[in-house]
>>> print(open('upload.csv').read())   # CSV, C-alpha atoms
chain,number,residue,atom,x,y,z
A,13,MET,CA,43.4,-40.2,21.3
A,14,ASN,CA,39.8,-39.1,21.8
A,15,SER,CA,38.0,-40.4,18.7
A,16,THR,CA,35.3,-37.8,19.1
A,17,ARG,CA,36.9,-34.4,19.5
A,18,CYS,CA,35.0,-31.5,20.7
A,19,ALA,CA,34.2,-28.7,18.3
A,20,ALA,CA,37.0,-26.6,19.8
A,21,CYS,CA,39.7,-29.2,19.4
A,22,LYS,CA,38.5,-30.1,15.9
A,23,TYR,CA,38.8,-26.4,14.9
A,24,LEU,CA,42.1,-26.0,16.6
A,25,ARG,CA,43.3,-29.3,15.1
A,26,ARG,CA,44.6,-30.7,18.3
A,27,ARG,CA,44.0,-33.7,20.5
A,28,CYS,CA,40.9,-33.5,22.7
A,29,SER,CA,42.1,-34.5,26.2
A,30,PRO,CA,39.7,-36.1,28.7
A,31,ASP,CA,39.9,-32.9,30.8
A,32,CYS,CA,39.5,-30.5,27.9
A,33,ILE,CA,37.8,-27.4,29.2
A,34,PHE,CA,35.8,-26.8,26.1
A,35,SER,CA,34.4,-30.2,25.4
A,36,PRO,CA,31.4,-30.1,27.8
A,37,TYR,CA,30.2,-26.9,26.3
A,38,PHE,CA,31.2,-27.1,22.6
A,39,PRO,CA,30.0,-30.4,21.3
A,40,PRO,CA,31.2,-31.6,17.9
A,41,ASN,CA,27.7,-31.5,16.4
A,42,ASN,CA,27.6,-27.7,16.7
A,43,PRO,CA,30.9,-26.3,15.2
A,44,GLN,CA,29.3,-22.9,14.5
A,45,ARG,CA,29.1,-22.2,18.3
A,46,PHE,CA,32.8,-22.4,18.8
A,47,LEU,CA,33.5,-20.7,15.6
A,48,GLU,CA,31.6,-17.6,16.8
A,49,VAL,CA,33.2,-17.4,20.2
A,50,HIS,CA,36.6,-18.0,18.7
A,51,ARG,CA,36.1,-15.2,16.2
A,52,ILE,CA,35.3,-12.6,18.9
A,53,TYR,CA,37.3,-13.7,21.9
A,54,GLY,CA,39.9,-16.2,20.8
A,55,ALA,CA,40.3,-19.7,22.2
A,56,SER,CA,42.6,-18.8,25.1
A,57,ASN,CA,40.4,-16.0,26.3
A,58,VAL,CA,37.4,-18.3,26.3
A,59,ALA,CA,39.3,-20.9,28.2
A,60,LYS,CA,40.4,-18.3,30.8
A,61,MET,CA,36.8,-17.1,31.2
A,62,LEU,CA,35.5,-20.6,31.6
A,63,GLU,CA,38.2,-21.4,34.2
A,64,LYS,CA,37.3,-18.2,36.1
A,65,ALA,CA,33.7,-19.4,36.4
A,66,PRO,CA,32.7,-21.9,39.1
A,67,VAL,CA,32.5,-25.4,37.7
A,68,ASN,CA,28.7,-25.6,38.3
A,69,GLN,CA,28.2,-22.4,36.4
A,70,ARG,CA,30.4,-23.0,33.4
A,71,ALA,CA,27.6,-24.1,31.2
A,72,GLU,CA,25.8,-20.8,31.8
A,73,ALA,CA,29.1,-18.9,31.3
A,74,ALA,CA,29.7,-20.7,27.9
A,75,ASN,CA,26.1,-19.9,26.8
A,76,SER,CA,26.4,-16.2,27.7
A,77,ILE,CA,29.8,-16.0,26.1
A,78,HIS,CA,28.4,-17.5,22.9
A,79,TYR,CA,25.3,-15.2,23.1
A,80,GLU,CA,27.6,-12.1,23.3
A,81,ALA,CA,29.8,-13.3,20.5
A,82,HIS,CA,26.7,-13.9,18.4
A,83,CYS,CA,25.4,-10.5,19.1
A,84,ARG,CA,28.7,-8.9,18.2
A,85,ILE,CA,28.9,-10.8,14.9
A,86,LYS,CA,25.3,-9.6,14.1
A,87,ASP,CA,26.0,-6.1,15.2
A,88,PRO,CA,29.8,-5.4,15.0
A,89,VAL,CA,29.4,-1.8,16.3
A,90,TYR,CA,27.1,-2.2,19.3
A,91,GLY,CA,26.8,-5.9,20.1
A,92,CYS,CA,24.9,-6.8,23.3
A,93,ALA,CA,25.2,-3.2,24.5
A,94,GLY,CA,22.9,-2.1,21.7
A,95,ILE,CA,20.2,-4.5,23.0
A,96,ILE,CA,20.6,-3.1,26.5
A,97,THR,CA,20.1,0.4,25.1
A,98,LEU,CA,17.0,-0.7,23.2
A,99,LEU,CA,15.5,-2.3,26.3
A,100,ASN,CA,16.2,0.8,28.3
A,101,GLN,CA,14.4,2.8,25.7
A,102,GLN,CA,11.4,0.5,25.8
A,103,ILE,CA,11.3,0.8,29.6
A,104,ASN,CA,11.4,4.6,29.4
A,105,ASP,CA,8.6,4.5,26.8
A,106,ALA,CA,6.5,2.1,28.9
A,107,GLN,CA,7.0,4.2,32.1
A,108,CYS,CA,5.8,7.3,30.3
A,109,GLU,CA,2.8,5.5,29.0
A,110,LEU,CA,2.0,4.0,32.4
A,111,ALA,CA,2.4,7.4,34.1
A,112,LYS,CA,0.0,9.0,31.5
A,113,ILE,CA,-2.6,6.2,32.0
A,114,GLN,CA,-2.3,6.4,35.8
A,115,ALA,CA,-2.8,10.2,35.6
A,116,GLU,CA,-5.9,9.6,33.5
A,117,ILE,CA,-7.2,7.1,35.9
A,118,ALA,CA,-6.7,9.5,38.8
A,119,ALA,CA,-8.4,12.2,36.9
A,120,LEU,CA,-11.4,10.0,36.0
A,121,ASN,CA,-11.7,9.0,39.6
A,122,GLY,CA,-11.7,12.7,40.5
A,123,HIS,CA,-8.6,12.6,42.7
A,124,HIS,CA,-7.1,15.7,41.3
A,125,ALA,CA,-5.2,16.7,44.3
A,126,ASP,CA,-3.2,13.4,44.3
A,127,ILE,CA,-2.0,13.6,40.7
A,128,LEU,CA,1.7,14.3,40.3
A,129,PRO,CA,2.9,15.8,37.0
A,130,PRO,CA,3.9,12.9,34.7
A,131,TYR,CA,7.5,14.0,34.5
A,132,GLN,CA,7.9,13.9,38.3
A,133,GLN,CA,6.4,10.4,38.4
A,134,ILE,CA,8.9,9.2,35.9
A,135,THR,CA,11.9,10.5,37.7
A,136,ASP,CA,10.7,9.0,40.9
A,137,ALA,CA,10.3,5.6,39.4
A,138,SER,CA,13.3,5.5,37.0
A,139,SER,CA,15.8,3.7,39.2
A,140,PHE,CA,16.4,1.0,36.6
A,141,ALA,CA,15.7,3.0,33.5
A,142,ASN,CA,19.4,3.3,32.7
A,143,TYR,CA,21.2,0.1,33.6
A,144,PRO,CA,24.4,1.1,35.3
A,145,VAL,CA,27.5,1.4,33.1
A,146,GLU,CA,30.7,0.8,35.0
A,147,GLY,CA,34.1,1.7,33.7
A,148,ASP,CA,34.7,4.9,32.0
A,149,GLY,CA,31.0,5.2,30.9
A,150,ALA,CA,32.2,6.5,27.6
A,151,PHE,CA,29.7,4.3,25.7
A,152,PRO,CA,26.9,6.7,24.7
A,153,ALA,CA,24.1,4.4,25.8
A,154,THR,CA,21.3,6.9,26.2
A,155,HIS,CA,22.9,10.3,25.9
A,156,ASP,CA,23.9,10.5,22.3
A,157,PRO,CA,20.6,11.4,20.5
A,158,SER,CA,21.9,9.9,17.2
A,159,PHE,CA,22.8,6.6,18.8
A,160,PRO,CA,19.5,4.9,19.5
A,161,GLN,CA,18.0,6.2,16.2
A,162,PHE,CA,20.9,4.6,14.3
A,163,TYR,CA,20.5,1.4,16.1
A,164,LEU,CA,16.7,1.3,15.7
A,165,ASN,CA,17.1,2.0,12.0
A,166,SER,CA,19.4,-0.9,11.6
A,167,TRP,CA,16.8,-3.2,13.1
B,14,MET,CA,60.3,15.7,16.8
B,15,GLY,CA,57.2,16.0,18.9
B,16,GLY,CA,57.9,13.0,21.2
B,17,SER,CA,54.2,12.4,21.6
B,18,SER,CA,53.2,9.8,24.2
B,19,PRO,CA,52.3,6.3,23.0
B,20,CYS,CA,48.6,5.3,23.3
B,21,ALA,CA,47.5,3.1,26.2
B,22,SER,CA,47.5,0.1,24.0
B,23,CYS,CA,51.0,0.4,22.8
B,24,LYS,CA,52.2,1.2,26.3
B,25,LEU,CA,50.6,-2.0,27.6
B,26,LEU,CA,51.8,-4.0,24.6
B,27,ARG,CA,55.2,-2.4,24.9
B,28,ARG,CA,55.6,-1.5,21.3
B,29,ARG,CA,56.1,1.6,19.2
B,30,CYS,CA,53.0,3.6,18.7
B,31,ALA,CA,52.8,4.3,15.0
B,32,LYS,CA,51.2,7.4,13.5
B,33,ASP,CA,48.4,5.3,12.1
B,34,CYS,CA,48.0,3.1,15.2
B,35,ILE,CA,44.4,1.8,15.1
B,36,PHE,CA,44.1,2.0,18.8
B,37,ALA,CA,45.5,5.5,19.4
B,38,PRO,CA,42.3,7.6,18.8
B,39,TYR,CA,40.3,5.5,21.2
B,40,PHE,CA,42.7,4.5,23.9
B,41,PRO,CA,44.5,7.6,25.1
B,42,PRO,CA,47.5,7.3,27.4
B,43,ASP,CA,45.7,8.9,30.4
B,44,ASP,CA,43.3,6.0,30.7
B,45,PRO,CA,45.3,2.8,30.8
B,46,HIS,CA,42.5,0.8,32.5
B,47,LYS,CA,40.2,1.1,29.5
B,48,PHE,CA,42.5,-0.8,27.1
B,49,ALA,CA,43.6,-3.1,29.9
B,50,ILE,CA,40.1,-4.4,30.4
B,51,VAL,CA,39.3,-4.8,26.7
B,52,HIS,CA,42.6,-6.6,26.2
B,53,LYS,CA,41.9,-8.9,29.1
B,54,VAL,CA,38.5,-10.0,27.7
B,55,PHE,CA,38.8,-9.8,24.0
B,56,GLY,CA,42.5,-9.6,23.3
B,57,ALA,CA,44.3,-6.9,21.5
B,58,SER,CA,44.5,-8.6,18.1
B,59,ASN,CA,40.8,-9.4,18.1
B,60,VAL,CA,40.0,-5.8,19.0
B,61,SER,CA,42.2,-4.7,16.2
B,62,LYS,CA,40.5,-7.0,13.7
B,63,MET,CA,37.1,-5.8,14.8
B,64,LEU,CA,38.0,-2.2,14.4
B,65,GLN,CA,39.6,-2.7,11.0
B,66,GLU,CA,36.4,-4.2,9.7
B,67,LEU,CA,34.4,-1.1,10.6
B,68,PRO,CA,34.1,2.3,8.9
B,69,VAL,CA,36.2,4.9,10.8
B,70,GLN,CA,33.1,6.9,11.9
B,71,GLN,CA,31.7,3.8,13.8
B,72,ARG,CA,34.9,2.8,15.6
B,73,ALA,CA,34.4,5.1,18.6
B,74,ASP,CA,31.0,3.6,19.3
B,75,ALA,CA,32.4,0.1,18.8
B,76,VAL,CA,35.1,0.8,21.3
B,77,GLY,CA,32.6,2.2,23.8
B,78,SER,CA,30.4,-0.9,23.5
B,79,LEU,CA,33.4,-3.2,23.8
B,80,VAL,CA,34.6,-1.5,27.0
B,81,TYR,CA,31.0,-1.8,28.3
B,82,GLU,CA,30.9,-5.5,27.6
B,83,ALA,CA,34.3,-6.1,29.0
B,84,ASN,CA,33.5,-4.3,32.2
B,85,ALA,CA,30.2,-6.3,32.5
B,86,ARG,CA,32.1,-9.5,32.0
B,87,MET,CA,34.7,-8.6,34.6
B,88,ARG,CA,32.0,-7.7,37.1
B,89,ASP,CA,30.0,-10.9,36.3
B,90,PRO,CA,32.2,-13.7,35.0
B,91,VAL,CA,29.3,-16.0,34.5
B,92,TYR,CA,26.7,-13.9,32.8
B,93,GLY,CA,28.4,-10.7,31.7
B,94,CYS,CA,26.1,-8.4,29.7
B,95,VAL,CA,23.5,-11.1,29.3
B,96,GLY,CA,22.6,-10.7,33.0
B,97,ALA,CA,21.6,-7.1,32.3
B,98,ILE,CA,19.6,-8.1,29.2
B,99,SER,CA,17.7,-10.7,31.2
B,100,TYR,CA,17.0,-8.2,34.0
B,101,LEU,CA,15.8,-5.5,31.6
B,102,GLN,CA,13.6,-8.0,29.7
B,103,ASN,CA,11.8,-8.9,32.9
B,104,GLN,CA,11.3,-5.2,33.7
B,105,VAL,CA,9.8,-4.7,30.2
B,106,SER,CA,7.5,-7.7,30.8
B,107,GLN,CA,6.4,-6.3,34.2
B,108,LEU,CA,5.7,-2.9,32.8
B,109,GLN,CA,3.7,-4.4,30.0
B,110,MET,CA,1.5,-6.2,32.5
B,111,GLN,CA,1.1,-3.0,34.5
B,112,LEU,CA,0.1,-1.2,31.3
B,113,ALA,CA,-2.4,-3.9,30.4
B,114,VAL,CA,-3.9,-3.7,33.9
B,115,ALA,CA,-4.0,0.1,33.8
B,116,GLN,CA,-5.6,0.1,30.4
B,117,ALA,CA,-8.3,-2.4,31.5
B,118,GLU,CA,-8.9,-0.2,34.5
B,119,ILE,CA,-9.4,2.9,32.3
B,120,LEU,CA,-11.8,1.0,30.1
B,121,CYS,CA,-13.8,-0.1,33.1
B,122,ILE,CA,-14.0,3.4,34.5
B,123,GLN,CA,-15.0,4.9,31.2
B,124,MET,CA,-17.7,2.3,30.7
B,125,GLN,CA,-19.0,2.8,34.2
B,126,GLN,CA,-19.1,6.6,33.7
B,127,GLN,CA,-20.8,6.4,30.3
B,128,GLU,CA,-23.5,3.9,31.0
B,129,PRO,CA,-23.3,2.5,34.5
B,130,ALA,CA,-26.6,0.6,34.1
B,131,THR,CA,-25.7,-1.1,30.9
B,132,LEU,CA,-23.6,-4.2,30.5
B,133,PRO,CA,-20.9,-3.9,27.9
B,134,THR,CA,-21.5,-5.8,24.7
B,135,GLN,CA,-18.2,-5.0,23.0
B,136,LEU,CA,-14.9,-3.7,24.5
B,137,ASP,CA,-13.2,-0.6,22.9
B,138,VAL,CA,-10.0,-1.2,21.1
B,139,PRO,CA,-7.0,-0.2,23.4
B,140,ASP,CA,-4.9,2.8,22.5
B,141,GLU,CA,-2.8,2.2,19.4
B,142,LYS,CA,0.4,3.4,20.9
B,143,SER,CA,0.2,1.0,23.8
B,144,LEU,CA,-0.4,-1.8,21.4
B,145,LEU,CA,2.7,-0.8,19.5
B,146,LEU,CA,4.7,-0.9,22.7
B,147,SER,CA,3.5,-4.4,23.5
B,148,THR,CA,3.7,-5.8,20.0
B,149,SER,CA,5.8,-4.6,17.1
B,150,THR,CA,8.8,-3.0,18.8
B,151,PHE,CA,9.2,-5.8,21.3
B,152,ASN,CA,8.3,-8.6,19.0
B,153,ASN,CA,11.0,-7.5,16.6
B,154,LEU,CA,13.4,-8.2,19.4
B,155,GLN,CA,11.8,-11.4,20.6
B,156,PRO,CA,13.3,-13.9,18.1
B,157,TYR,CA,16.7,-12.5,18.7
B,158,LEU,CA,16.4,-12.5,22.5
B,159,SER,CA,14.9,-15.9,22.7
B,160,PHE,CA,18.2,-17.1,21.3
B,161,ALA,CA,19.6,-16.9,24.8
B,162,SER,CA,16.4,-17.6,26.9
B,163,SER,CA,15.0,-15.2,29.4
B,164,SER,CA,15.8,-15.6,33.0
B,165,THR,CA,18.3,-18.1,34.2
B,166,VAL,CA,20.9,-15.4,33.7
B,167,MET,CA,19.7,-13.3,36.5
B,168,GLN,CA,21.8,-12.5,39.5
B,169,ASP,CA,19.0,-12.2,41.9
B,170,PRO,CA,16.9,-15.1,43.2
B,171,LEU,CA,14.4,-15.0,40.4
B,172,LYS,CA,15.5,-18.2,38.5
B,173,ARG,CA,13.5,-20.0,35.9
B,174,GLU,CA,14.4,-23.0,33.8
B,175,SER,CA,17.1,-22.5,31.2
B,176,LEU,CA,16.1,-22.7,27.6
B,177,TRP,CA,19.7,-23.1,26.6
B,178,THR,CA,20.0,-26.8,27.7
>>> encode(input="upload.csv", output="structure tokens")
Amino acid sequence: MNSTRCAACKYLRRRCSPDCIFSPYFPPNNPQRFLEVHRIYGASNVAKMLEKAPVNQRAEAANSIHYEAHCRIKDPVYGCAGIITLLNQQINDAQCELAKIQAEIAALNGHHADILPPYQQITDASSFANYPVEGDGAFPATHDPSFPQFYLNSW
Amino acid sequence: MGGSSPCASCKLLRRRCAKDCIFAPYFPPDDPHKFAIVHKVFGASNVSKMLQELPVQQRADAVGSLVYEANARMRDPVYGCVGAISYLQNQVSQLQMQLAVAQAEILCIQMQQQEPATLPTQLDVPDEKSLLLSTSTFNNLQPYLSFASSSTVMQDPLKRESLWT
């Protein structure tokens, strides 16, 4: 029997085999890490997700799974998706500000004929402003006016 | 007896759809894929627990975000949603740099136009709103985002060292 079980096998109270899929990514000195992923995904789903990832990318997969679980525990309603919405909003704000400043620069330089209205500049440059949502798109990332306000208030 | 159709969850789980089924309001029978993907990533019992812990008025949003994350994970089994976060973080950083350059340019132009012959002794304070964009709003997020590092989770060639190791 492995005298030093990984955090997953310790939590699940089972023998930690030499080829345990969890043990490289859930060391016994960090039990909280497995606790969080287990709470959100469950051990078998985590194992399936790790198995699906290429072996040389499983560490990154384990880290991202833990990050998402942690986000979901901190924000049970929006999780990681809330952070994406916040970032999209920051990008939109920064784009508006940049367009405004660029228009001012153009005006100061006297190139009035080349100035586009700020709104048009934003739509031309907004290819990444709303990170694509696949699936049914039902998540009201940027369309529900109450959604980002609620999230920002909770921060 | 109405004979109403079971929700997508109960159809997939092959069980009777009770009147107070927690999934029914959010997983209608005409969209089986929605529940299938959430069940695949999170598991029905975990989703049920998460919804039960939330007030009713927040459950629709929670389901929306779970579907979003499940789709992201299926599309990218290694990074899931975190790939998107890293990508957007980089976009924010780039825009902040562009803003800083543009603000500096405006300052230069303004100084040249006011007193072209005089060397500046003191720079004007940048616009307050742009400071806000680059400090408080983003910095509130920084400690939280630095939890997962910034850029190894990208899908495109821009890879930096991982802070997770």
>>> closest_residue(input="upload.csv", among="B:Phe36, B:Ala117, B:Ser18, B:Glu82", to="Gly96 in chain B", atoms="only C-alpha atoms")
B:Glu82
>>> residues_around(input="upload.csv", residues="Lys22 in chain A", least_positions_apart="2", cutoff="12 Å", atoms="all atoms listed in the file", output="PyMOL selection string")
chain A and resi 14-20+24-29+34-35+38-44+46-47
>>> interface_residues(input="upload.csv", of="chain A", to="chain B", cutoff="8 Å", atoms="all atoms listed in the file", output="ChimeraX atom specification")
/A:51-54,57,61,64-65,69-70,72-73,75-77,79-80,88-96,99-100,102-103,105-107,109-110,113-114,116-117,120-121,143,145-152
>>> atom_distance(input="upload.csv", atom1="CA of Ile33 in chain A", atom2="CA of Leu62 in chain A")
7.6 Å
>>> residues_around(input="upload.csv", residues="range 25-32 of chain B", least_positions_apart="6", cutoff="8 Å", atoms="only C-alpha atoms", output="number ranges by chain")
B: 19, 45, 49
>>> write_last_selection(input="upload.csv", atoms="C-alpha atoms", output="mmCIF file, in the frame of the given file")
data_model
loop_
_atom_site.group_PDB
_atom_site.id
_atom_site.type_symbol
_atom_site.label_atom_id
_atom_site.label_comp_id
_atom_site.auth_asym_id
_atom_site.auth_seq_id
_atom_site.Cartn_x
_atom_site.Cartn_y
_atom_site.Cartn_z
ATOM 1 C CA PRO B 19 52.300 6.300 23.000
ATOM 2 C CA PRO B 45 45.300 2.800 30.800
ATOM 3 C CA ALA B 49 43.600 -3.100 29.900
#
>>> atom_distance(input="upload.csv", atom1="CA of Glu48 in chain A", atom2="CA of Ile85 in chain A")
7.6 Å
>>> atom_distance(input="upload.csv", atom1="CA of Ala119 in chain A", atom2="CA of Met110 in chain B")
21.4 Å
>>> build_atoms(input="upload.csv", residues="range 111-129 of chain B", atoms="N, CA, C and O atoms", output="short mmCIF file (atom, residue, chain, number, x, y, z; two decimals), in the frame of the given file")
data_model
loop_
_atom_site.label_atom_id
_atom_site.label_comp_id
_atom_site.auth_asym_id
_atom_site.auth_seq_id
_atom_site.Cartn_x
_atom_site.Cartn_y
_atom_site.Cartn_z
N GLN B 111 1.66 -4.20 33.80
CA GLN B 111 1.10 -3.00 34.50
C GLN B 111 0.30 -2.18 33.55
O GLN B 111 -0.78 -1.66 33.89
N LEU B 112 0.82 -2.01 32.34
CA LEU B 112 0.10 -1.20 31.30
C LEU B 112 -1.20 -1.86 30.97
O LEU B 112 -2.22 -1.18 30.87
N ALA B 113 -1.18 -3.17 30.81
CA ALA B 113 -2.40 -3.90 30.40
C ALA B 113 -3.46 -3.72 31.54
O ALA B 113 -4.64 -3.46 31.26
N VAL B 114 -3.01 -3.84 32.79
CA VAL B 114 -3.90 -3.70 33.90
C VAL B 114 -4.50 -2.26 33.96
O VAL B 114 -5.71 -2.06 34.13
N ALA B 115 -3.62 -1.29 33.77
CA ALA B 115 -4.00 0.10 33.80
C ALA B 115 -5.01 0.42 32.67
O ALA B 115 -6.01 1.12 32.86
N GLN B 116 -4.72 -0.12 31.50
CA GLN B 116 -5.60 0.10 30.40
C GLN B 116 -6.98 -0.52 30.59
O GLN B 116 -8.02 0.06 30.27
N ALA B 117 -6.98 -1.71 31.19
CA ALA B 117 -8.30 -2.40 31.50
C ALA B 117 -9.04 -1.54 32.52
O ALA B 117 -10.26 -1.39 32.43
N GLU B 118 -8.28 -0.99 33.47
CA GLU B 118 -8.90 -0.20 34.50
C GLU B 118 -9.59 1.05 33.91
O GLU B 118 -10.71 1.41 34.27
N ILE B 119 -8.86 1.69 32.99
CA ILE B 119 -9.40 2.90 32.30
C ILE B 119 -10.68 2.51 31.56
O ILE B 119 -11.68 3.24 31.61
N LEU B 120 -10.66 1.42 30.88
CA LEU B 120 -11.80 1.00 30.10
C LEU B 120 -13.02 0.78 31.03
O LEU B 120 -14.14 1.21 30.73
N CYS B 121 -12.75 0.12 32.16
CA CYS B 121 -13.80 -0.10 33.10
C CYS B 121 -14.42 1.19 33.61
O CYS B 121 -15.64 1.36 33.66
N ILE B 122 -13.54 2.09 33.99
CA ILE B 122 -14.00 3.40 34.50
C ILE B 122 -14.80 4.12 33.48
O ILE B 122 -15.88 4.68 33.76
N GLN B 123 -14.28 4.14 32.27
CA GLN B 123 -15.00 4.90 31.20
C GLN B 123 -16.35 4.26 30.94
O GLN B 123 -17.34 4.98 30.75
N MET B 124 -16.41 2.94 30.95
CA MET B 124 -17.70 2.30 30.70
C MET B 124 -18.68 2.60 31.84
O MET B 124 -19.85 2.86 31.61
N GLN B 125 -18.17 2.56 33.06
CA GLN B 125 -19.00 2.80 34.20
C GLN B 125 -19.56 4.28 34.15
O GLN B 125 -20.72 4.55 34.49
N GLN B 126 -18.70 5.18 33.72
CA GLN B 126 -19.10 6.60 33.70
C GLN B 126 -20.04 6.91 32.58
O GLN B 126 -20.89 7.79 32.69
N GLN B 127 -19.90 6.14 31.47
CA GLN B 127 -20.80 6.40 30.30
C GLN B 127 -22.16 5.87 30.55
O GLN B 127 -23.16 6.56 30.49
N GLU B 128 -22.19 4.52 30.79
CA GLU B 128 -23.50 3.90 31.00
C GLU B 128 -23.43 2.93 32.12
O GLU B 128 -23.28 1.73 31.92
N PRO B 129 -23.49 3.41 33.32
CA PRO B 129 -23.30 2.50 34.50
C PRO B 129 -24.31 1.41 34.58
O PRO B 129 -24.05 0.36 35.10
#
